[in-house]
Protein chains: 2
Amino acid sequence: MAETGDSGDSGSSVRVAVIGGGAGGMSAASRVKALKPEWDVSVFEATNFVSHAPCGIPYVVEELTDTSKLMYYPPSVFIEKRGIDLHMNTKVTKLEKGRLRYIENGNEREMEWDYLLIASGASPRVPPIDGIELKGVYTVDLPPDAEMIHKAAKGVEEVVIIGAGYIGVEMAEAFAATGKKVTLIGKYDYPLPRFDREIGEVIKSEVEKRVSYRGGELAQAFEGKDRVERVITDKNEYKADLVIVATGVKPNVELAEELGVKLGKTGAIETDSRMRTNVENVFAAGDCAECRHMLTGENVWIPLAPGANKMGYVAGINIAGGDIEFPGVLGTQITKFFELEIAGTGLNEKQAREAGFEPKSTFIKAKTKVHYYPGGKEIMIKVVADSKTKRVLGAQIVGYDAVLARVNTMAAAIQAGFTTKDLFFADLAYAPPFAPTWEPLIVAARILKF
Amino acid sequence: MAETGDSGDSGSSVRVAVIGGGAGGMSAASRVKALKPEWDVSVFEATNFVSHAPCGIPYVVEELTDTSKLMYYPPSVFIEKRGIDLHMNTKVTKLEKGRLRYIENGNEREMEWDYLLIASGASPRVPPIDGIELKGVYTVDLPPDAEMIHKAAKGVEEVVIIGAGYIGVEMAEAFAATGKKVTLIGKYDYPLPRFDREIGEVIKSEVEKRVSYRGGELAQAFEGKDRVERVITDKNEYKADLVIVATGVKPNVELAEELGVKLGKTGAIETDSRMRTNVENVFAAGDCAECRHMLTGENVWIPLAPGANKMGYVAGINIAGGDIEFPGVLGTQITKFFELEIAGTGLNEKQAREAGFEPKSTFIKAKTKVHYYPGGKEIMIKVVADSKTKRVLGAQIVGYDAVLARVNTMAAAIQAGFTTKDLFFADLAYAPPFAPTWEPLIVAARILKF
């Protein structure tokens with residue numbers, strides 16, 4: 001053990017400290033131990049969860065699972081099988097070059113490190129709304145929130161959700177599925193504003209089948225006596241027994257800043273392709289860190305689990321003396337609202353223009369099976385390409401089946417630098433129960449021309 | 001019109017003849033007319049179906065659709081909308097340089113052509129089994145067969161299927177789903193022998209839940225008085241009220257050979273990347289033609305609809321004076337047997353070795369959703385890569401959901417020349433209802449190392 005105070009045999013071993021036991025932190029810690037079993041790897045996690053999945057919180061509220069299952073692996077796997085020195089419920093309070101301080105079981109301790117990985121995650125961005133401190137107002141962050149919100153929802157009739165991004169929409173499903181009257185308040189015309197309008201309108205009309213969507217409204221106050229009773233916006237007033245504030249997240253960078261770690265223009269920790277920060281032997285991974293965008297080459301901040309896992313994997317290898325670069329992300333995402341599957345990868349039209357491309361796009365409707373095979377569902381696909389180079393830049397897909405197939409195919413195609421011609425000639429699978437003879441992605445490529 | 005005998009205004013226009021109105025022929029004809037509306041394009045189709053889908057035949061037998069729906073587009077679309085001179089129920093009887101003869105409504109006629117596309121398709125390979133001419137013995141070829149087999153199956157109890165390739169397995173599902181007792185006789189240990197053993201064993205155990213699979217047996221005779229009553233193999237004897245012979249297909253190349261068109265070593269028409277044959281102004285496309293394999297660069301014969309469509313598209317553009325190359329196929333395929341989805345793309349281990357690679361593979365089992373989300377199904381994936389270059393060569397996937405997502409992603413990845421490292425870093429979608437945090441394809445890449 002490399003901790004000062006409780007161990008005397010630290011001299012010979014390399015000491016790695018990891019702040020944060022989420023996807024990025026645990027991936028990195030596991031990788032270092034796999035490559036350097038003799039090194040000391042300590043992970044400091046503020047909650048009683050490791051390798052946790054905040055993305056599972058809506059499904060606890062929807063009563064599809066329970067909080068205890070949100071850990072991908074239990075702590076014992078990391079401690080016993082992988083030999084990681086795991087400190088749960090432990091808060092790192094101070095970060096300096098070569099050492100850090102933490103509080104565990106009420107005691108402040110210190111550890112010296114040779115390598116540091118900052119994987120401190122992200123937290124809800126809490127807007128300065130009057131009454132935000134009222135009982136009955138929740139954010140969606142860590143697994144314990146799942147239990148808290150689930151309990152609070154018992155007996156509740158009307159739920160107001162502020163923010164119509166992924167978390168807001170998923171929470172809207174969760175509450176609507178369990179019989180609540182849900183009002184979803186979004187800043188924009190349609191929910192999930194990262195999608196272009198054609199797709200956004202489909203999402204909106206699906207959302208409106210189940211919940212009241214109030215687009216273009218801004219929450220201004222939460223009111224109530226002992227607990228929240230009303231939400232006041234710039235246009236309306238809504239009765240609310242429970243409020244979810246899901247207006248985005250921000251990277252947890254306070255400790256990193258203490259150490260002199262440079263932040264990027266997104267506000268998250270700037271990293272190079274090896275997940276190194278500007279401070280020697282200090283790496284960053286996961287939701288607190290930037291990484292490269294595969295298409296633009298620019299650093300972006302897209303806090304999602306698959307990227308976090310891979311950033312941690314890359315950081316772990318490089319910490320352990322290996323040399324591997326992270327090619328970056330495309331921001332591939334998928335979610336659903338009841339039956340509607342919703343996914344995107346790469347750049348939307350606005351992002352494409354901002355990145356200096358000349359976007360050209362097509363929006364098509366198709367069926368998921370051959371016309372004569374029963375059970376075909378509707379699927380709508382928007383593909384964005386660059387007019388000049390014909391390179392495929394992005395895809396947005398909504399539909400009632402097999403959206404995953406299209407978004408992942410497009411993620412691979414975009415990573416590969418496919419032009420519309422390459423996409424047209426992709427040898428994608430066909431059989432009557434699975435796809436039309438002309439796969440919709442290929443039809444989109446044909447319409448975009450090459 | 002460019003036909004001699006019924007038109008006098010042929011002198012000025014370019015005349016294109018297309019033999020075969022299936023996927024390849026109709027794609028080509030449509031493309032030529034789109035690019036050169038003033039040209040005369042005549043298609044000769046032996047049946048009363050165009051742009052037909054033999055792949056739909058099992059689903060007619062399964063009573064999921066009816067024969068009339070097996071046309072992708074009705075003839076009127078081609079004739080009226082696209083201006084194609086379409087000859088249905090018309091057999092081309094003789095092919096010479098610059099002219100062909102055909103029989104339509106009992107009359108023999110002649111047409112002169114400037115460009116010819118041979119898209120004559122493939123036909124069942126009928127093995128020389130004693131009694132193959134008996135009533136009640138069928139092959140699966142053209143849409144009219146669907147109706148015939150469907151009618152013949154009424155009141156039938158026991159069906160024996162000879163051949164356990166795609167058609168055999170799909171027909172086995174069709175008969176089992178409609179309450180018949182099915183015996184499926186295959187040459188090899190397990191059905192669909194193009195798959196490697198790990199995958200084949202999964203397929204076999206699924207098939208055996210519904211039908212009797214007799215592997216490693218060879219049909220030697222069909223016996224019966226007025227109609228088939230028994231199938232005799234080298235090992236057993238089976239009662240049979242109806243027999244399906246599905247022992248593969250062969251390219252229809254007789255007319256092509258008459259013209260001096262060169263066949264490739266597969267026995268199908270040899271083509272270059274522009275779908276040209278060795279004879280000037282003669283092109284070939286679809287199930288009668290070879291094309292390039294994207295991975296090996298060798299000509300292969302893989303008669304499947306998506307490739308046929310694209311070969312026709314390429315041939316059409318080149319006939320019309322454009323210049324486009326067909327990058328080829330990967331042999332991507334998908335089918336299902338009841339709930340089990342079965343797909344593959346690229347090379348299996350044996351094919352990889354034969355192509356000069358040093359294959360290395362992994363076989364993994366995973367779930368289609370995060371462990372805590374209800375409804376996750378089992379999926380099994382084999383990925384083959386080259387040990388030396390780490391290039392991904394093939395994937396075989398079986399499972400109870402979302403197999404299309406994996407096979408199409410791999411088809412794009414293989415087309416792009418992905419290494420295992422590229423695959424590991426693919427930014428594939430994650431959300432609890434859709435995939436585990438570590439997408440199985442990425443896990444496979446990690447296990448294969450990079």
# chains A, B, ... in the order shown; residues from 1 in each chain; ligands from 1

$ residues_around --residues "segment 197-212 of chain A" --least-positions-apart "2" --cutoff "8 Å" --atoms "only C-alpha atoms" --output "PyMOL selection string"
chain A and resi 172+176+181-184+190-193+195+214+337+340+342+363+380+382+396-398

$ residues_around --residues "Ile324 of chain B" --least-positions-apart "2" --cutoff "9 Å" --atoms "only C-alpha atoms" --output "PyMOL selection string"
chain B and resi 273-274+314-315+317-318+322+326

$ write_last_selection --atoms "N, CA and C atoms" --output "short mmCIF file (atom, residue, chain, number, x, y, z; two decimals), in the first residue's frame"
data_model
loop_
_atom_site.label_atom_id
_atom_site.label_comp_id
_atom_site.auth_asym_id
_atom_site.auth_seq_id
_atom_site.Cartn_x
_atom_site.Cartn_y
_atom_site.Cartn_z
N SER B 273 -14.76 -5.04 -63.02
CA SER B 273 -15.38 -4.22 -61.98
C SER B 273 -16.47 -3.29 -62.54
N ARG B 274 -16.54 -3.19 -63.88
CA ARG B 274 -17.62 -2.38 -64.47
C ARG B 274 -18.76 -3.26 -64.96
N VAL B 314 -24.73 -0.65 -61.44
CA VAL B 314 -23.42 -0.33 -62.03
C VAL B 314 -23.42 -0.61 -63.53
N ALA B 315 -23.95 -1.76 -63.91
CA ALA B 315 -24.01 -2.11 -65.34
C ALA B 315 -24.82 -1.05 -66.09
N ILE B 317 -25.38 2.13 -65.41
CA ILE B 317 -24.63 3.39 -65.56
C ILE B 317 -23.57 3.25 -66.65
N ASN B 318 -22.84 2.15 -66.62
CA ASN B 318 -21.76 1.97 -67.60
C ASN B 318 -22.31 1.78 -69.02
N GLY B 322 -21.76 6.11 -68.61
CA GLY B 322 -21.07 6.57 -67.40
C GLY B 322 -19.86 5.70 -67.11
N PHE B 326 -17.80 -1.38 -59.51
CA PHE B 326 -18.47 -2.06 -58.41
C PHE B 326 -17.40 -2.57 -57.45
#

$ select_by_dssp --residues "segment 164-343 of chain A" --states "strand (DSSP E or B)" --output "ChimeraX atom specification"
/A:181-186,212-215,219-223,227,230-233,237-239,242-245,249-251,263,269,276,282-284,289,291-293,299-300,329,333-337,340-343

$ residues_around --residues "segment 145-153 of chain B" --least-positions-apart "2" --cutoff "10 Å" --atoms "only C-alpha atoms" --output "ChimeraX atom specification"
/B:54,56-63,66-68,70,135-143,155-159,174-175,178,180,241-244

$ write_last_selection --atoms "N, CA and C atoms" --output "short mmCIF file (atom, residue, chain, number, x, y, z; two decimals), in the first residue's frame"
data_model
loop_
_atom_site.label_atom_id
_atom_site.label_comp_id
_atom_site.auth_asym_id
_atom_site.auth_seq_id
_atom_site.Cartn_x
_atom_site.Cartn_y
_atom_site.Cartn_z
N PRO B 54 -37.46 -14.30 -55.15
CA PRO B 54 -37.54 -15.72 -54.78
C PRO B 54 -37.32 -15.92 -53.29
N GLY B 56 -38.77 -14.60 -51.13
CA GLY B 56 -40.05 -14.52 -50.43
C GLY B 56 -40.83 -15.82 -50.44
N ILE B 57 -40.37 -16.79 -51.22
CA ILE B 57 -41.14 -18.03 -51.39
C ILE B 57 -41.45 -18.74 -50.05
N PRO B 58 -40.45 -18.89 -49.17
CA PRO B 58 -40.78 -19.56 -47.90
C PRO B 58 -41.90 -18.88 -47.13
N TYR B 59 -42.01 -17.56 -47.28
CA TYR B 59 -43.01 -16.85 -46.49
C TYR B 59 -44.41 -16.96 -47.07
N VAL B 60 -44.50 -17.31 -48.35
CA VAL B 60 -45.79 -17.67 -48.93
C VAL B 60 -46.22 -19.02 -48.36
N VAL B 61 -45.29 -19.96 -48.33
CA VAL B 61 -45.58 -21.29 -47.78
C VAL B 61 -45.94 -21.19 -46.30
N GLU B 62 -45.28 -20.26 -45.60
CA GLU B 62 -45.56 -20.08 -44.17
C GLU B 62 -46.87 -19.31 -43.96
N GLU B 63 -47.49 -18.88 -45.06
CA GLU B 63 -48.76 -18.15 -45.03
C GLU B 63 -48.64 -16.79 -44.36
N ASP B 66 -48.83 -13.52 -49.70
CA ASP B 66 -49.19 -14.35 -50.84
C ASP B 66 -48.36 -13.98 -52.07
N THR B 67 -48.37 -14.89 -53.03
CA THR B 67 -47.46 -14.80 -54.17
C THR B 67 -47.55 -13.47 -54.90
N SER B 68 -48.77 -12.95 -55.00
CA SER B 68 -48.95 -11.73 -55.79
C SER B 68 -48.13 -10.58 -55.24
N LEU B 70 -45.06 -10.76 -54.15
CA LEU B 70 -43.61 -10.98 -54.23
C LEU B 70 -42.90 -10.07 -55.23
N LYS B 135 -44.29 -36.87 -58.60
CA LYS B 135 -45.18 -35.81 -58.12
C LYS B 135 -44.92 -35.60 -56.63
N GLY B 136 -45.01 -34.36 -56.20
CA GLY B 136 -44.78 -34.07 -54.78
C GLY B 136 -43.34 -33.73 -54.45
N VAL B 137 -42.49 -33.72 -55.49
CA VAL B 137 -41.09 -33.30 -55.28
C VAL B 137 -40.91 -31.92 -55.91
N TYR B 138 -40.47 -30.95 -55.12
CA TYR B 138 -40.39 -29.57 -55.62
C TYR B 138 -39.00 -28.96 -55.42
N THR B 139 -38.69 -28.05 -56.31
CA THR B 139 -37.57 -27.16 -56.04
C THR B 139 -38.13 -25.76 -55.75
N VAL B 140 -37.30 -24.90 -55.24
CA VAL B 140 -37.71 -23.55 -54.86
C VAL B 140 -36.96 -22.58 -55.75
N ASP B 141 -37.67 -21.94 -56.67
CA ASP B 141 -36.95 -21.14 -57.65
C ASP B 141 -37.66 -19.81 -57.91
N LEU B 142 -38.75 -19.87 -58.64
CA LEU B 142 -39.41 -18.64 -59.07
C LEU B 142 -40.71 -18.44 -58.30
N PRO B 143 -41.21 -17.23 -58.26
CA PRO B 143 -42.43 -16.96 -57.51
C PRO B 143 -43.58 -17.94 -57.79
N GLY B 155 -53.03 -30.28 -46.38
CA GLY B 155 -53.38 -31.64 -46.00
C GLY B 155 -52.18 -32.57 -45.84
N VAL B 156 -51.02 -32.06 -46.19
CA VAL B 156 -49.80 -32.87 -46.09
C VAL B 156 -49.35 -32.95 -44.63
N GLU B 157 -48.82 -34.12 -44.24
CA GLU B 157 -48.36 -34.24 -42.85
C GLU B 157 -46.85 -34.23 -42.71
N GLU B 158 -46.20 -34.98 -43.59
CA GLU B 158 -44.75 -35.12 -43.42
C GLU B 158 -43.98 -34.56 -44.61
N VAL B 159 -43.09 -33.66 -44.29
CA VAL B 159 -42.29 -33.01 -45.33
C VAL B 159 -40.82 -33.38 -45.12
N ALA B 174 -40.93 -22.69 -42.53
CA ALA B 174 -42.26 -22.47 -43.11
C ALA B 174 -43.18 -23.67 -42.87
N PHE B 175 -42.66 -24.87 -43.12
CA PHE B 175 -43.50 -26.06 -42.93
C PHE B 175 -43.75 -26.35 -41.45
N THR B 178 -46.37 -24.18 -40.02
CA THR B 178 -47.74 -24.47 -40.44
C THR B 178 -48.14 -25.90 -40.05
N LYS B 180 -46.52 -28.92 -40.02
CA LYS B 180 -46.05 -30.17 -40.63
C LYS B 180 -44.95 -30.79 -39.76
N ASP B 241 -44.72 -36.97 -47.55
CA ASP B 241 -45.88 -36.61 -48.37
C ASP B 241 -45.48 -35.53 -49.38
N LEU B 242 -44.43 -34.84 -49.06
CA LEU B 242 -43.95 -33.75 -49.92
C LEU B 242 -42.44 -33.62 -49.70
N VAL B 243 -41.73 -33.39 -50.79
CA VAL B 243 -40.27 -33.26 -50.70
C VAL B 243 -39.84 -31.94 -51.33
N ILE B 244 -38.97 -31.25 -50.64
CA ILE B 244 -38.35 -30.05 -51.21
C ILE B 244 -36.88 -30.37 -51.46
#

$ atom_distance --atom1 "atom CA of Leu304 of chain B" --atom2 "atom CA of Leu95 of chain B"
25.5 Å

$ closest_residue --among "A:Val370, A:Met171, A:Met294, A:Ile161" --to "Tyr213 of chain A" --atoms "only C-alpha atoms"
A:Ile161

$ closest_residue --among "A:Lys239, A:Asp189, A:Asp234, A:Lys91" --to "Val160 of chain A" --atoms "only C-alpha atoms"
A:Lys239

$ atom_distance --atom1 "atom CA of Phe425 of chain A" --atom2 "atom CA of Lys365 of chain A"
20.0 Å

$ interface_residues --of "chain A" --to "chain B" --cutoff "6 Å" --atoms "only C-alpha atoms" --output "list in words"
Thr65, Lys69, Val329, Thr332, Gln333, Ile334, Tyr372, Leu404, Ala405, Asn408, Thr409, Ala412, Ala413, Ala416, Asp427, Leu428 and Ala429 of chain A

$ write_last_selection --atoms "all heavy atoms" --output "short mmCIF file (atom, residue, chain, number, x, y, z; two decimals), in the first residue's frame"
data_model
loop_
_atom_site.label_atom_id
_atom_site.label_comp_id
_atom_site.auth_asym_id
_atom_site.auth_seq_id
_atom_site.Cartn_x
_atom_site.Cartn_y
_atom_site.Cartn_z
N THR A 65 -36.13 -2.14 -12.81
CA THR A 65 -34.99 -2.74 -12.12
C THR A 65 -34.88 -2.06 -10.76
O THR A 65 -35.70 -1.20 -10.44
CB THR A 65 -33.69 -2.57 -12.94
OG1 THR A 65 -32.66 -3.29 -12.28
CG2 THR A 65 -33.28 -1.11 -13.07
N LYS A 69 -28.88 -3.03 -8.59
CA LYS A 69 -28.36 -3.67 -9.80
C LYS A 69 -27.61 -2.70 -10.72
O LYS A 69 -27.10 -3.10 -11.76
CB LYS A 69 -29.52 -4.30 -10.58
CG LYS A 69 -30.29 -5.33 -9.76
CD LYS A 69 -30.86 -6.42 -10.63
CE LYS A 69 -31.52 -7.50 -9.80
NZ LYS A 69 -32.98 -7.35 -9.72
N VAL A 329 -14.29 10.17 -30.42
CA VAL A 329 -15.70 9.77 -30.42
C VAL A 329 -16.45 10.46 -31.55
O VAL A 329 -15.97 11.39 -32.17
CB VAL A 329 -16.38 10.14 -29.07
CG1 VAL A 329 -15.75 9.38 -27.92
CG2 VAL A 329 -16.33 11.66 -28.83
N THR A 332 -22.00 9.09 -30.73
CA THR A 332 -23.08 8.14 -31.01
C THR A 332 -23.96 7.97 -29.77
O THR A 332 -23.46 7.76 -28.68
CB THR A 332 -22.50 6.78 -31.42
OG1 THR A 332 -21.52 6.98 -32.42
CG2 THR A 332 -23.59 5.85 -31.94
N GLN A 333 -25.27 8.09 -29.96
CA GLN A 333 -26.19 8.00 -28.84
C GLN A 333 -27.45 7.26 -29.27
O GLN A 333 -27.83 7.33 -30.43
CB GLN A 333 -26.61 9.40 -28.37
CG GLN A 333 -25.44 10.25 -27.94
CD GLN A 333 -25.86 11.50 -27.19
OE1 GLN A 333 -26.99 11.62 -26.75
NE2 GLN A 333 -24.93 12.42 -27.04
N ILE A 334 -28.06 6.63 -28.32
CA ILE A 334 -29.37 6.01 -28.59
C ILE A 334 -30.23 6.13 -27.35
O ILE A 334 -29.72 6.12 -26.24
CB ILE A 334 -29.21 4.54 -29.04
CG1 ILE A 334 -30.54 3.99 -29.58
CG2 ILE A 334 -28.68 3.65 -27.92
CD1 ILE A 334 -30.40 2.69 -30.37
N TYR A 372 -43.82 -7.23 -48.17
CA TYR A 372 -44.78 -8.34 -48.06
C TYR A 372 -44.63 -9.14 -46.78
O TYR A 372 -45.37 -10.09 -46.55
CB TYR A 372 -44.69 -9.27 -49.28
CG TYR A 372 -43.32 -9.88 -49.51
CD1 TYR A 372 -42.87 -10.92 -48.72
CD2 TYR A 372 -42.51 -9.43 -50.54
CE1 TYR A 372 -41.63 -11.49 -48.94
CE2 TYR A 372 -41.27 -9.99 -50.77
CZ TYR A 372 -40.84 -11.02 -49.97
OH TYR A 372 -39.62 -11.58 -50.18
N LEU A 404 -30.94 0.65 -33.80
CA LEU A 404 -29.56 0.33 -33.42
C LEU A 404 -28.74 -0.12 -34.62
O LEU A 404 -27.59 0.26 -34.78
CB LEU A 404 -29.56 -0.77 -32.35
CG LEU A 404 -28.17 -1.17 -31.81
CD1 LEU A 404 -27.58 -0.07 -30.94
CD2 LEU A 404 -28.24 -2.48 -31.02
N ALA A 405 -29.36 -0.95 -35.48
CA ALA A 405 -28.64 -1.44 -36.66
C ALA A 405 -28.17 -0.29 -37.52
O ALA A 405 -27.04 -0.28 -38.02
CB ALA A 405 -29.54 -2.38 -37.48
N ASN A 408 -25.39 2.12 -35.60
CA ASN A 408 -24.06 1.53 -35.45
C ASN A 408 -23.37 1.34 -36.79
O ASN A 408 -22.16 1.52 -36.90
CB ASN A 408 -24.16 0.20 -34.70
CG ASN A 408 -24.23 0.42 -33.19
OD1 ASN A 408 -24.12 1.55 -32.72
ND2 ASN A 408 -24.41 -0.65 -32.44
N THR A 409 -24.13 0.98 -37.81
CA THR A 409 -23.55 0.87 -39.15
C THR A 409 -22.99 2.22 -39.58
O THR A 409 -21.88 2.32 -40.12
CB THR A 409 -24.62 0.40 -40.15
OG1 THR A 409 -25.17 -0.82 -39.67
CG2 THR A 409 -24.04 0.19 -41.54
N ALA A 412 -19.75 3.16 -37.72
CA ALA A 412 -18.57 2.51 -38.32
C ALA A 412 -18.23 3.19 -39.65
O ALA A 412 -17.06 3.43 -39.95
CB ALA A 412 -18.83 1.02 -38.53
N ALA A 413 -19.25 3.49 -40.44
CA ALA A 413 -19.02 4.11 -41.75
C ALA A 413 -18.38 5.49 -41.61
O ALA A 413 -17.46 5.84 -42.36
CB ALA A 413 -20.35 4.22 -42.50
N ALA A 416 -14.83 5.31 -40.54
CA ALA A 416 -14.00 4.85 -41.65
C ALA A 416 -13.80 5.93 -42.71
O ALA A 416 -13.03 5.74 -43.63
CB ALA A 416 -14.63 3.61 -42.28
N ASP A 427 -22.14 -3.63 -48.23
CA ASP A 427 -22.83 -4.91 -48.44
C ASP A 427 -23.63 -5.26 -47.19
O ASP A 427 -23.25 -6.12 -46.40
CB ASP A 427 -21.80 -6.00 -48.76
CG ASP A 427 -22.49 -7.27 -49.28
OD1 ASP A 427 -23.71 -7.23 -49.55
OD2 ASP A 427 -21.80 -8.30 -49.41
N LEU A 428 -24.75 -4.57 -47.03
CA LEU A 428 -25.56 -4.75 -45.83
C LEU A 428 -26.56 -5.88 -46.03
O LEU A 428 -26.96 -6.20 -47.14
CB LEU A 428 -26.26 -3.42 -45.50
CG LEU A 428 -25.29 -2.24 -45.33
CD1 LEU A 428 -26.04 -0.96 -45.00
CD2 LEU A 428 -24.24 -2.53 -44.25
N ALA A 429 -26.93 -6.47 -44.93
CA ALA A 429 -27.73 -7.71 -44.98
C ALA A 429 -29.15 -7.46 -45.45
O ALA A 429 -29.76 -6.45 -45.13
CB ALA A 429 -27.75 -8.35 -43.60
#

$ closest_residue --among "B:Ala355, B:Ala320, B:Ala366, B:Leu448" --to "Val392 of chain B" --atoms "only C-alpha atoms"
B:Leu448

$ closest_residue --among "B:Ala289, B:Ile19, B:Val169, B:Ala177" --to "His87 of chain B" --atoms "only C-alpha atoms"
B:Ile19

$ select_by_dssp --residues "segment 178-334 of chain A" --states "alpha helix (DSSP H)" --output "PyMOL selection string"
chain A and resi 197-207+254-258+305-319

$ closest_residue --among "B:Val384, B:Ala285, B:Val77, B:Glu254" --to "Ile364 of chain B" --atoms "only C-alpha atoms"
B:Val384

$ closest_residue --among "A:Thr266, A:Gly186, A:Ser51, A:Arg15" --to "Phe78 of chain A" --atoms "only C-alpha atoms"
A:Ser51

$ residues_around --residues "segment 276-280 of chain B" --least-positions-apart "2" --cutoff "10 Å" --atoms "only C-alpha atoms" --output "short mmCIF file (atom, residue, chain, number, x, y, z; two decimals) with N, CA and C atoms, in the first residue's frame"
data_model
loop_
_atom_site.label_atom_id
_atom_site.label_comp_id
_atom_site.auth_asym_id
_atom_site.auth_seq_id
_atom_site.Cartn_x
_atom_site.Cartn_y
_atom_site.Cartn_z
N LYS B 97 -24.13 -11.95 -81.81
CA LYS B 97 -23.58 -10.59 -81.73
C LYS B 97 -24.56 -9.62 -82.38
N ASP B 114 -27.53 -2.82 -79.39
CA ASP B 114 -26.21 -2.19 -79.35
C ASP B 114 -25.48 -2.58 -78.07
N TYR B 115 -26.26 -2.67 -76.99
CA TYR B 115 -25.72 -3.13 -75.70
C TYR B 115 -26.60 -4.25 -75.19
N LEU B 116 -25.94 -5.21 -74.56
CA LEU B 116 -26.69 -6.34 -74.01
C LEU B 116 -26.32 -6.51 -72.54
N LEU B 117 -27.35 -6.71 -71.71
CA LEU B 117 -27.08 -7.10 -70.32
C LEU B 117 -27.66 -8.49 -70.09
N ILE B 118 -26.80 -9.39 -69.66
CA ILE B 118 -27.27 -10.73 -69.31
C ILE B 118 -27.52 -10.76 -67.80
N ALA B 256 -25.43 -17.10 -72.57
CA ALA B 256 -24.16 -16.36 -72.55
C ALA B 256 -23.09 -17.16 -73.27
N LEU B 259 -23.01 -17.03 -76.95
CA LEU B 259 -22.48 -15.79 -77.50
C LEU B 259 -20.96 -15.70 -77.37
N GLY B 260 -20.38 -16.69 -76.69
CA GLY B 260 -18.93 -16.65 -76.49
C GLY B 260 -18.52 -15.88 -75.25
N VAL B 261 -19.47 -15.66 -74.35
CA VAL B 261 -19.13 -14.97 -73.10
C VAL B 261 -18.36 -15.92 -72.20
N LYS B 262 -17.30 -15.43 -71.64
CA LYS B 262 -16.41 -16.26 -70.83
C LYS B 262 -16.98 -16.47 -69.43
N LEU B 263 -16.89 -17.71 -68.96
CA LEU B 263 -17.29 -17.99 -67.58
C LEU B 263 -16.05 -17.94 -66.68
N ILE B 269 -20.75 -16.09 -64.95
CA ILE B 269 -20.16 -15.22 -65.98
C ILE B 269 -19.07 -14.35 -65.37
N GLU B 270 -17.91 -14.38 -65.97
CA GLU B 270 -16.81 -13.55 -65.50
C GLU B 270 -17.08 -12.09 -65.85
N THR B 271 -16.88 -11.22 -64.90
CA THR B 271 -17.08 -9.79 -65.16
C THR B 271 -15.89 -9.02 -64.63
N ASP B 272 -15.70 -7.81 -65.15
CA ASP B 272 -14.71 -6.93 -64.54
C ASP B 272 -15.46 -5.99 -63.59
N SER B 273 -14.76 -5.04 -63.02
CA SER B 273 -15.38 -4.22 -61.98
C SER B 273 -16.47 -3.29 -62.54
N ARG B 274 -16.54 -3.19 -63.88
CA ARG B 274 -17.62 -2.38 -64.47
C ARG B 274 -18.76 -3.26 -64.96
N VAL B 282 -21.22 -6.24 -74.04
CA VAL B 282 -22.05 -7.21 -73.32
C VAL B 282 -21.67 -7.18 -71.84
N PHE B 283 -22.68 -6.94 -71.03
CA PHE B 283 -22.51 -6.83 -69.58
C PHE B 283 -23.26 -7.97 -68.90
N ALA B 284 -22.93 -8.25 -67.67
CA ALA B 284 -23.68 -9.25 -66.91
C ALA B 284 -23.89 -8.74 -65.49
N ALA B 285 -24.99 -9.13 -64.88
CA ALA B 285 -25.30 -8.69 -63.51
C ALA B 285 -26.25 -9.68 -62.86
N ALA B 289 -23.90 -13.86 -62.55
CA ALA B 289 -22.60 -13.21 -62.74
C ALA B 289 -21.70 -13.31 -61.51
N VAL B 314 -24.73 -0.65 -61.44
CA VAL B 314 -23.42 -0.33 -62.03
C VAL B 314 -23.42 -0.61 -63.53
N ALA B 315 -23.95 -1.76 -63.91
CA ALA B 315 -24.01 -2.11 -65.34
C ALA B 315 -24.82 -1.05 -66.09
N ASN B 318 -22.84 2.15 -66.62
CA ASN B 318 -21.76 1.97 -67.60
C ASN B 318 -22.31 1.78 -69.02
N ILE B 319 -23.43 1.08 -69.14
CA ILE B 319 -24.06 0.93 -70.46
C ILE B 319 -24.48 2.31 -70.98
#

$ decode --residues "segment 116-128 of chain A" --atoms "C-alpha atoms" --output "short mmCIF file (atom, residue, chain, number, x, y, z; two decimals), in the first residue's frame"
data_model
loop_
_atom_site.label_atom_id
_atom_site.label_comp_id
_atom_site.auth_asym_id
_atom_site.auth_seq_id
_atom_site.Cartn_x
_atom_site.Cartn_y
_atom_site.Cartn_z
CA LEU A 116 -2.82 10.25 -11.15
CA LEU A 117 -5.98 9.68 -13.14
CA ILE A 118 -8.74 12.21 -12.72
CA ALA A 119 -12.03 10.50 -13.49
CA SER A 120 -14.23 12.66 -11.34
CA GLY A 121 -17.24 12.56 -13.63
CA ALA A 122 -19.91 15.17 -14.17
CA SER A 123 -22.70 16.60 -12.07
CA PRO A 124 -26.07 18.09 -12.82
CA ARG A 125 -25.97 21.72 -13.80
CA VAL A 126 -28.39 23.28 -11.38
CA PRO A 127 -29.90 26.47 -12.73
CA PRO A 128 -30.48 29.40 -10.36
#
